[in-house]
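Listing of upload-v1.txt; format and content: compact mmCIF, C-alpha atoms.
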```
# COMPACT_ATOMS: atom_id res chain seq x y z
CA MET A 1 -113.31 28.44 44.33
CA TYR A 2 -110.49 30.90 45.09
CA ASP A 3 -112.66 34.01 44.82
CA ARG A 4 -112.21 34.95 48.49
CA TYR A 5 -108.50 35.68 47.90
CA GLU A 6 -107.27 38.93 46.40
CA GLY A 7 -104.02 37.55 44.96
CA LEU A 8 -102.99 34.15 43.58
CA ILE A 9 -99.36 33.05 43.74
CA PHE A 10 -98.06 29.96 41.96
CA ASP A 11 -94.85 28.03 42.36
CA MET A 12 -93.59 27.07 38.89
CA ASP A 13 -91.66 23.78 38.75
CA GLY A 14 -93.99 20.87 39.46
CA THR A 15 -96.94 23.17 40.14
CA ILE A 16 -97.84 24.86 36.85
CA LEU A 17 -95.08 23.42 34.65
CA ASP A 18 -94.01 19.80 34.26
CA THR A 19 -90.26 20.27 34.66
CA GLU A 20 -89.28 17.92 37.47
CA SER A 21 -88.14 14.93 35.39
CA THR A 22 -86.10 17.18 33.10
CA HIS A 23 -84.39 18.82 36.08
CA ARG A 24 -83.48 15.39 37.47
CA GLN A 25 -82.19 14.23 34.09
CA ALA A 26 -80.01 17.36 33.84
CA TRP A 27 -78.63 16.77 37.33
CA ARG A 28 -77.71 13.18 36.39
CA GLN A 29 -75.87 14.35 33.26
CA VAL A 30 -74.01 17.17 35.02
CA LEU A 31 -72.98 15.05 38.00
CA LYS A 32 -71.80 11.98 36.06
CA PRO A 33 -68.41 13.39 34.94
CA TYR A 34 -67.66 14.26 38.58
CA GLY A 35 -68.54 10.75 39.77
CA MET A 36 -71.41 12.14 41.81
CA HIS A 37 -75.09 11.27 42.03
CA PHE A 38 -78.10 12.36 44.03
CA ASP A 39 -80.58 10.59 46.24
CA GLU A 40 -84.08 10.86 44.74
CA GLN A 41 -85.78 11.35 48.11
CA ALA A 42 -83.26 14.01 49.12
CA MET A 43 -83.97 15.86 45.87
CA VAL A 44 -87.72 15.76 46.50
CA ALA A 45 -87.12 17.22 49.97
CA LEU A 46 -85.15 20.09 48.35
CA ASN A 47 -87.87 20.98 45.82
CA GLY A 48 -88.33 24.73 45.76
CA SER A 49 -84.71 25.43 46.71
CA PRO A 50 -82.44 27.46 44.44
CA THR A 51 -80.20 25.41 42.17
CA TRP A 52 -77.01 26.49 43.94
CA GLN A 53 -78.40 25.26 47.30
CA ILE A 54 -79.20 21.86 45.79
CA ALA A 55 -75.68 21.79 44.31
CA HIS A 56 -74.25 22.63 47.74
CA VAL A 57 -76.09 19.68 49.34
CA ILE A 58 -74.92 17.27 46.62
CA ILE A 59 -71.31 18.52 46.86
CA THR A 60 -71.36 18.27 50.67
CA ASN A 61 -72.75 14.72 50.51
CA HIS A 62 -69.87 13.74 48.23
CA GLN A 63 -67.28 15.60 50.32
CA SER A 64 -66.20 17.43 47.19
CA ASP A 65 -64.63 20.88 46.97
CA LEU A 66 -66.49 21.94 43.82
CA ASP A 67 -67.99 25.42 43.84
CA PRO A 68 -71.79 25.04 44.16
CA HIS A 69 -72.38 28.13 42.03
CA PHE A 70 -70.21 26.67 39.24
CA LEU A 71 -72.05 23.34 39.37
CA ALA A 72 -75.42 25.12 39.47
CA ALA A 73 -74.47 27.21 36.42
CA GLU A 74 -73.49 24.04 34.55
CA LYS A 75 -76.81 22.42 35.40
CA THR A 76 -78.80 25.54 34.51
CA ALA A 77 -77.13 25.82 31.11
CA LEU A 78 -77.93 22.19 30.34
CA VAL A 79 -81.50 22.30 31.62
CA LYS A 80 -82.28 25.38 29.49
CA THR A 81 -81.66 23.41 26.31
CA MET A 82 -83.52 20.34 27.58
CA LEU A 83 -86.57 22.14 28.97
CA LEU A 84 -87.51 24.04 25.85
CA ASP A 85 -88.06 20.72 24.08
CA ASN A 86 -89.75 18.95 26.99
CA VAL A 87 -91.66 21.41 29.20
CA LYS A 88 -95.44 21.27 29.24
CA PRO A 89 -98.04 22.98 31.40
CA LEU A 90 -99.66 20.98 34.19
CA PRO A 91 -103.46 20.89 34.68
CA LEU A 92 -103.32 23.68 37.31
CA ILE A 93 -102.71 26.11 34.45
CA ASP A 94 -106.49 25.96 33.95
CA VAL A 95 -106.89 27.80 37.28
CA VAL A 96 -104.46 30.46 36.04
CA LYS A 97 -106.43 30.89 32.83
CA ALA A 98 -109.76 30.99 34.68
CA TYR A 99 -108.61 33.83 36.96
CA HIS A 100 -106.72 35.82 34.32
CA GLY A 101 -108.03 39.37 34.33
CA ARG A 102 -110.04 38.72 37.49
CA LYS A 103 -107.29 38.47 40.12
CA PRO A 104 -103.67 39.62 40.17
CA MET A 105 -101.35 36.62 39.86
CA ALA A 106 -97.65 35.98 40.36
CA VAL A 107 -95.11 33.20 40.04
CA GLY A 108 -92.86 32.67 43.08
CA THR A 109 -90.23 30.12 42.13
CA GLY A 110 -86.97 28.61 43.29
CA SER A 111 -85.77 28.81 39.68
CA GLU A 112 -83.84 31.82 38.47
CA HIS A 113 -85.97 34.72 37.23
CA ALA A 114 -84.64 34.48 33.66
CA MET A 115 -85.47 30.76 33.52
CA ALA A 116 -89.05 31.42 34.64
CA GLU A 117 -89.41 34.18 32.05
CA LEU A 118 -87.96 31.95 29.33
CA LEU A 119 -90.21 28.98 30.05
CA LEU A 120 -93.41 30.98 30.53
CA ARG A 121 -92.79 32.95 27.31
CA HIS A 122 -91.90 29.76 25.41
CA LEU A 123 -95.28 28.27 26.36
CA GLY A 124 -97.22 31.50 25.77
CA LEU A 125 -98.10 31.75 29.48
CA ARG A 126 -96.17 34.84 30.57
CA LYS A 127 -99.14 37.13 29.82
CA TYR A 128 -101.16 35.54 32.63
CA PHE A 129 -98.83 36.73 35.40
CA ASP A 130 -98.44 40.25 36.73
CA ALA A 131 -95.14 39.45 38.46
CA ILE A 132 -92.41 36.84 38.71
CA VAL A 133 -90.12 36.42 41.71
CA GLY A 134 -87.23 34.04 41.15
CA ALA A 135 -84.48 32.70 43.40
CA ASP A 136 -82.14 35.48 42.32
CA ASP A 137 -84.69 38.16 43.27
CA VAL A 138 -84.54 37.33 47.00
CA THR A 139 -81.90 36.63 49.62
CA GLN A 140 -83.94 34.31 51.87
CA HIS A 141 -85.27 31.30 49.97
CA LYS A 142 -88.10 28.89 50.70
CA PRO A 143 -88.96 27.83 53.43
CA GLU A 144 -88.41 31.51 54.33
CA PRO A 145 -91.38 33.65 53.24
CA GLU A 146 -89.48 36.33 51.28
CA THR A 147 -90.37 34.97 47.82
CA PHE A 148 -94.11 35.02 48.49
CA LEU A 149 -94.04 38.28 50.43
CA ARG A 150 -92.30 39.93 47.49
CA CYS A 151 -94.94 38.51 45.13
CA ALA A 152 -97.70 40.00 47.28
CA ALA A 153 -95.95 43.38 47.38
CA LEU A 154 -95.53 43.40 43.59
CA LEU A 155 -99.20 42.52 43.21
CA GLY A 156 -100.19 45.23 45.68
CA VAL A 157 -102.06 42.70 47.84
CA ARG A 158 -101.73 42.13 51.59
CA ALA A 159 -100.11 38.79 52.40
CA GLU A 160 -103.11 37.45 54.32
CA GLN A 161 -105.25 38.06 51.23
CA CYS A 162 -103.11 35.73 49.07
CA VAL A 163 -103.26 32.03 48.35
CA VAL A 164 -100.16 30.11 47.29
CA PHE A 165 -100.23 26.99 45.09
CA GLU A 166 -97.25 24.74 45.86
CA ASP A 167 -95.97 21.22 45.32
CA ALA A 168 -93.14 21.21 47.86
CA ASP A 169 -92.90 21.15 51.64
CA PHE A 170 -90.49 24.13 51.64
CA GLY A 171 -93.01 26.15 49.64
CA ILE A 172 -95.96 25.22 51.86
CA GLU A 173 -93.91 26.25 54.90
CA ALA A 174 -92.93 29.54 53.21
CA ALA A 175 -96.58 30.33 52.49
CA ARG A 176 -97.54 29.65 56.10
CA ARG A 177 -94.68 31.82 57.38
CA ALA A 178 -95.91 34.59 55.06
CA ASN A 179 -99.37 34.32 56.68
CA MET A 180 -100.88 33.16 53.38
CA ALA A 181 -103.27 30.34 52.61
CA ALA A 182 -101.58 27.38 50.92
CA VAL A 183 -102.90 24.82 48.46
CA ASP A 184 -100.78 21.67 48.33
CA VAL A 185 -101.25 20.71 44.68
CA ARG A 186 -99.98 17.20 45.42
CA LEU A 187 -103.35 16.64 47.13
CA LEU A 188 -105.50 17.89 44.25
```
Before anything else, please render the file you have as structure tokens.
Amino acid sequence: MYDRYEGLIFDMDGTILDTESTHRQAWRQVLKPYGMHFDEQAMVALNGSPTWQIAHVIITNHQSDLDPHFLAAEKTALVKTMLLDNVKPLPLIDVVKAYHGRKPMAVGTGSEHAMAELLLRHLGLRKYFDAIVGADDVTQHKPEPETFLRCAALLGVRAEQCVVFEDADFGIEAARRANMAAVDVRLL
């Protein structure tokens, strides 16, 4: 089905790994002591963004002076412990397994690189991917194309020969800006 593409690039959270509910639960726990909360729809709109950017939006909405990087670090530390017990692959992992050894594949995620490595290794999935590009590996995050362009470069594949699998509007936009085909997994 995806044979016409030279490289396959996958978002991680909500695309190949079921992490979304755990991320939201961690945000609730981290924000509660500060008397803050998040709007569910606003969070969905921010899917694919680095944790510190999400923290910045939440802090701004609450007119707080907390450091977004501090809040993001707190959330990341909590989510690490929660995810290892709760994370599971999503059905799209079957596409990854089917193309393993046939096409170069990468993960391009809004999560930190170390988190992606940790989760993929924990589930025995790291071996399927030739490269990982996390939020801390780039300076321009989704919807900017840098994450996916870096994936293509690491795979040694021209951008227009790649297809991106995404579950977020920012990611779909980033793929388009990178001149890559995009599969919106929410429609599968």
Considering all atoms listed in the file, return as an mmCIF file with C-alpha atoms, keeping the file's coordinate frame whatever protein or nucleic-acid residues lie within 10 Å of Met105 in chain A, sequence-local ones (same chain, fewer than 6 positions apart) excluded.
```
data_model
loop_
_atom_site.group_PDB
_atom_site.id
_atom_site.type_symbol
_atom_site.label_atom_id
_atom_site.label_comp_id
_atom_site.auth_asym_id
_atom_site.auth_seq_id
_atom_site.Cartn_x
_atom_site.Cartn_y
_atom_site.Cartn_z
ATOM 1 C CA GLU A 6 -107.270 38.930 46.400
ATOM 2 C CA GLY A 7 -104.020 37.550 44.960
ATOM 3 C CA LEU A 8 -102.990 34.150 43.580
ATOM 4 C CA ILE A 9 -99.360 33.050 43.740
ATOM 5 C CA PHE A 10 -98.060 29.960 41.960
ATOM 6 C CA VAL A 96 -104.460 30.460 36.040
ATOM 7 C CA TYR A 99 -108.610 33.830 36.960
ATOM 8 C CA TYR A 128 -101.160 35.540 32.630
ATOM 9 C CA PHE A 129 -98.830 36.730 35.400
ATOM 10 C CA ASP A 130 -98.440 40.250 36.730
ATOM 11 C CA ALA A 131 -95.140 39.450 38.460
ATOM 12 C CA ILE A 132 -92.410 36.840 38.710
ATOM 13 C CA CYS A 151 -94.940 38.510 45.130
ATOM 14 C CA ALA A 152 -97.700 40.000 47.280
ATOM 15 C CA LEU A 154 -95.530 43.400 43.590
ATOM 16 C CA LEU A 155 -99.200 42.520 43.210
ATOM 17 C CA CYS A 162 -103.110 35.730 49.070
ATOM 18 C CA VAL A 163 -103.260 32.030 48.350
ATOM 19 C CA VAL A 164 -100.160 30.110 47.290
#
```
### Summary
CA of Gly171 in chain A to CA of Leu66 in chain A measures 27.5 Å
### Task
Figure out the distance between CA of Ile93 in chain A and CA of Thr81 in chain A, please, to one decimal in Å.
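Separating CA of Thr81 in chain A from CA of Ile93 in chain A is a distance of 22.7 Å.
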### Query
Contacts of range 180-187 of chain A at 9 Å or less, counting all atoms listed in the file, minus same-chain residues fewer than 6 places along, as a PyMOL selection string?
chain A and resi 5+14-15+92+148+159-169+171-174
### Gap from CA of Leu17 in chain A to CA of Leu90 in chain A - Å, one decimal
5.2 Å
#### Entry: Shell around Glu74 in chain A at 10 Å using all atoms listed in the file, local window under 3 positions removed, as a list in words
Ala26, Trp27, Val30, Leu31, Pro68, His69, Phe70, Leu71, Ala77, Leu78 and Val79 of chain A
#### Entry: Residues near range 111-120 of chain A, cut-off 8 Å, only C-alpha atoms, skip fewer than 6 positions along chain, as a list in words
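These residues fall inside the cut-off: Met12, Asp13, Gly48, Ser49, Pro50, Thr51, Lys80, Leu83, Leu84, Val87, Arg126, Ile132, Val133, Gly134, Ala135, Asp136 and Asp137 of chain A.
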### Task
Identify which of the residues A:Lys32, A:His56, A:Lys88, A:His62 lies closest to Glu20 in chain A, counting only C-alpha atoms when measuring atom-to-atom distances.
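Ranked by minimum distance to Glu20 in chain A, first place goes to A:Lys88.
Of the listed residues (A:Met36, A:Lys142, A:His122, A:Gly108), A:Met36 comes nearest to Ser64 in chain A; the distances count only C-alpha atoms.
In this comparison, which uses all atoms listed in the file, the residue of A:Pro91, A:Gly156, A:Gly124, A:Gly110 approaching Val138 in chain A most closely is A:Gly110.
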Around all the atoms of range 77-90 of chain A listed in the file, with 8 Å of room on each side, what axis-aligned box do you get, giving centre and edge lengths in Å to one decimal, as JSON?
```
{"center_x": -88.4, "center_y": 22.4, "center_z": 29.1, "size_x": 38.5, "size_y": 22.9, "size_z": 26.1}
```
